[in-house]
2 protein chains.
Amino acid sequence: MKATGPKAELEEIPEAECLEILDQHGLGRIAVVVEGQPQIFPVNYAMSGQIIAFRTGAGSKLSHAPGSKVCFEIDEYDSSAGVGWSVMVQGVAVDATESLDDVSWAARAATPWPLAPGAKPFRVAIEPSKITGRRFRRRA
Amino acid sequence: MKATGPKAELEEIPEAECLEILDQHGLGRIAVVVEGQPQIFPVNYAMSGQIIAFRTGAGSKLSHAPGSKVCFEIDEYDSSAGVGWSVMVQGVAVDATESLDDVSWAARAATPWPLAPGAKPFRVAIEPSKITGRRFRRRA
C-alpha cells in the first residue's frame, strides 16, 4: 500500500528495522494452511538471527507447518500515540526439534518461552523468504 | 489442545462467548492464502451478528480473500493478570461492497472504522464456518 497524498502517513518499514522490531517482541502469530483453510495461532517466539523459533505440542502447528509455507506476524496499536505498525514474515517452517540442518541449529540456539500451559517438547523454526512491515501515524 | 493435568489451565471458550468477545473488540487479523502462501494483515472490523466486516482498498486482501477460505483472529495477553486468550474464526470471505446476498447486506449494516490511512472503499465480509477460542490463566 502506498501513501496516497498529504492525509496518508502510511510507510513501509525497511527489512533491517523489521528484524529489530521482531527482536524486541516475543508474542506473535503463525498462520498455517490446513487443507486449503488458513488457521492463525498465537505463539511466544524468540529470534536467532533471522530465524523465528517457537515451541509447540502435538497439534495443528506441528502437523501442518513443517515443510510448508507459513506466515508469522506481529503488530501493535498505541491509541495514545496514534501509531500502529505490523511486521509480516513469509517463509517455510521446519521441525527443528532434532534436525541437523543450519536452520534447526539456529532455532535451537533461541530460547522461546511459552506462556500457555501444556507440554511443548517440539521446536518449530521459520526460515524467512520475505520480511515486510508498515507503520502509520494518525494525525491529531 | 486439552488440559493435561493440574498444572494446565487451558480452556476452550464456547462459541457464544467467542462471539461476545468479538463484539467487544475492533482490531483483529485476517489470513488469506496467496498462491499457497498465507499472509496475515491487521484489520479494524465490526460485527453484524456472526458476520465479520471490514473495509479495505485495492490490494492483497481484496484480490485474494473474496470467494476463498480465510481466517480471522483476535488475541490478548494481560501480563498483570496472567490471562491470555485467542478467538479464531474460519470461514469464507465475500466482497460485500455491492453484492445483494444476505451476508453482504449484513456486512453493510456494520460500521468498521479503519485506523490506517488510505482510501478503503471496498467492504469485505467473512461468513464463519467455525468459531473457536481458548484461554489460559497462569498460576501465581
# chains A, B, ... in the order shown; residues from 1 in each chain; ligands from 1

$ residues_around --residues "Ile126 in chain A" --least-positions-apart "6" --cutoff "7 Å" --atoms "only C-alpha atoms" --output "JSON, numbers by chain"
{"A": [51, 52, 53, 91, 92, 93, 94]}

$ residues_around --residues "Phe54 in chain A" --least-positions-apart "5" --cutoff "7 Å" --atoms "only C-alpha atoms" --output "ChimeraX atom specification"
/A:43-46,112,123-125

$ interface_residues --of "chain A" --to "chain B" --cutoff "6 Å" --atoms "only C-alpha atoms" --output "list in words"
Ala8, Gln37, Pro38, Gln39, Lys69, Val70, Cys71, Pro117 and Gly118 of chain A

$ write_last_selection --atoms "N, CA and C atoms" --output "mmCIF file, in the first residue's frame"
data_model
loop_
_atom_site.group_PDB
_atom_site.id
_atom_site.type_symbol
_atom_site.label_atom_id
_atom_site.label_comp_id
_atom_site.auth_asym_id
_atom_site.auth_seq_id
_atom_site.Cartn_x
_atom_site.Cartn_y
_atom_site.Cartn_z
ATOM 1 N N ALA A 8 -2.411 10.797 4.065
ATOM 2 C CA ALA A 8 -1.933 9.458 4.388
ATOM 3 C C ALA A 8 -0.533 9.515 4.960
ATOM 4 N N GLN A 37 -7.466 -24.361 4.192
ATOM 5 C CA GLN A 37 -8.058 -23.422 5.163
ATOM 6 C C GLN A 37 -6.951 -22.825 6.040
ATOM 7 N N PRO A 38 -6.695 -21.506 5.911
ATOM 8 C CA PRO A 38 -5.704 -20.912 6.817
ATOM 9 C C PRO A 38 -6.200 -20.904 8.258
ATOM 10 N N GLN A 39 -5.277 -21.097 9.174
ATOM 11 C CA GLN A 39 -5.575 -21.017 10.608
ATOM 12 C C GLN A 39 -4.488 -20.153 11.239
ATOM 13 N N LYS A 69 4.667 -23.536 3.475
ATOM 14 C CA LYS A 69 4.715 -22.086 3.555
ATOM 15 C C LYS A 69 3.846 -21.625 4.718
ATOM 16 N N VAL A 70 4.402 -20.753 5.534
ATOM 17 C CA VAL A 70 3.663 -20.217 6.673
ATOM 18 C C VAL A 70 3.861 -18.698 6.701
ATOM 19 N N CYS A 71 3.087 -18.057 7.548
ATOM 20 C CA CYS A 71 3.250 -16.626 7.747
ATOM 21 C C CYS A 71 3.343 -16.363 9.246
ATOM 22 N N PRO A 117 0.013 -22.922 29.085
ATOM 23 C CA PRO A 117 0.381 -24.185 29.739
ATOM 24 C C PRO A 117 0.357 -25.355 28.760
ATOM 25 N N GLY A 118 0.864 -26.479 29.204
ATOM 26 C CA GLY A 118 0.865 -27.673 28.369
ATOM 27 C C GLY A 118 2.274 -27.986 27.895
#

$ residues_around --residues "Ile13 in chain A" --least-positions-apart "4" --cutoff "8 Å" --atoms "only C-alpha atoms" --output "ChimeraX atom specification"
/A:17-18,132-135

$ write_last_selection --atoms "C-alpha atoms" --output "PDB file, in the first residue's frame"
ATOM      1  CA  GLU A  17      14.133  -2.378  11.125  1.00  0.00           C
ATOM      2  CA  CYS A  18      11.546  -5.180  10.878  1.00  0.00           C
ATOM      3  CA  THR A 132       7.882  -6.674   5.314  1.00  0.00           C
ATOM      4  CA  GLY A 133       6.403  -4.107   7.636  1.00  0.00           C
ATOM      5  CA  ARG A 134       4.343  -0.985   7.658  1.00  0.00           C
ATOM      6  CA  ARG A 135       3.592   1.779  10.084  1.00  0.00           C
TER       7      ARG A 135
END

$ atom_distance --atom1 "CA of Met47 in chain A" --atom2 "CA of Glu11 in chain A"
24.2 Å

$ select_by_dssp --residues "chain B" --states "strand (DSSP E or B)" --output "JSON, numbers by chain"
{"B": [10, 11, 12, 13, 27, 28, 29, 30, 31, 32, 33, 34, 37, 38, 39, 40, 41, 42, 43, 44, 45, 46, 47, 48, 51, 52, 53, 54, 55, 56, 66, 69, 70, 71, 72, 73, 74, 75, 76, 77, 78, 83, 84, 85, 86, 87, 88, 89, 90, 91, 92, 93, 94, 95, 122, 123, 124, 125, 126, 127, 128, 129, 130, 131, 132, 133, 134, 135, 136, 137]}

$ closest_residue --among "A:Arg55, A:Ser48, A:Leu100, A:Val34" --to "Glu20 in chain A" --atoms "only C-alpha atoms"
A:Ser48

$ residues_around --residues "Thr97 in chain B" --least-positions-apart "2" --cutoff "8 Å" --atoms "only C-alpha atoms" --output "list of chain:residue names"
B:Asp95, B:Ser99, B:Ser104, B:Arg108, B:Pro121, B:Phe122, B:Arg123, B:Val124

$ write_last_selection --atoms "N, CA, C and O atoms" --output "JSON list (two decimals), in the first residue's frame"
[["chain", "number", "residue", "atom", "x", "y", "z"],
["B", 95, "ASP", "N", -16.88, -10.37, -1.15],
["B", 95, "ASP", "CA", -16.79, -8.93, -1.45],
["B", 95, "ASP", "C", -18.20, -8.37, -1.29],
["B", 95, "ASP", "O", -19.07, -8.58, -2.14],
["B", 99, "SER", "N", -22.67, -6.46, -3.36],
["B", 99, "SER", "CA", -23.42, -7.69, -3.60],
["B", 99, "SER", "C", -24.75, -7.67, -2.84],
["B", 99, "SER", "O", -24.89, -7.01, -1.81],
["B", 104, "SER", "N", -23.72, -10.06, 2.51],
["B", 104, "SER", "CA", -23.27, -8.71, 2.14],
["B", 104, "SER", "C", -24.17, -7.64, 2.76],
["B", 104, "SER", "O", -23.68, -6.61, 3.26],
["B", 108, "ARG", "N", -22.90, -4.78, 5.39],
["B", 108, "ARG", "CA", -23.06, -3.34, 5.18],
["B", 108, "ARG", "C", -23.77, -2.66, 6.34],
["B", 108, "ARG", "O", -23.75, -1.43, 6.46],
["B", 121, "PRO", "N", -12.50, 1.92, -0.01],
["B", 121, "PRO", "CA", -13.89, 1.97, -0.45],
["B", 121, "PRO", "C", -14.59, 0.61, -0.51],
["B", 121, "PRO", "O", -15.80, 0.57, -0.67],
["B", 122, "PHE", "N", -13.82, -0.47, -0.37],
["B", 122, "PHE", "CA", -14.42, -1.80, -0.51],
["B", 122, "PHE", "C", -14.73, -2.40, 0.87],
["B", 122, "PHE", "O", -14.05, -2.11, 1.85],
["B", 123, "ARG", "N", -15.76, -3.23, 0.88],
["B", 123, "ARG", "CA", -16.15, -3.86, 2.13],
["B", 123, "ARG", "C", -16.07, -5.37, 1.96],
["B", 123, "ARG", "O", -16.61, -5.91, 1.00],
["B", 124, "VAL", "N", -15.37, -6.01, 2.87],
["B", 124, "VAL", "CA", -15.24, -7.46, 2.82],
["B", 124, "VAL", "C", -15.95, -8.06, 4.03],
["B", 124, "VAL", "O", -15.87, -7.51, 5.14]]

$ atom_distance --atom1 "CA of Glu15 in chain A" --atom2 "CA of Ile131 in chain A"
5.9 Å
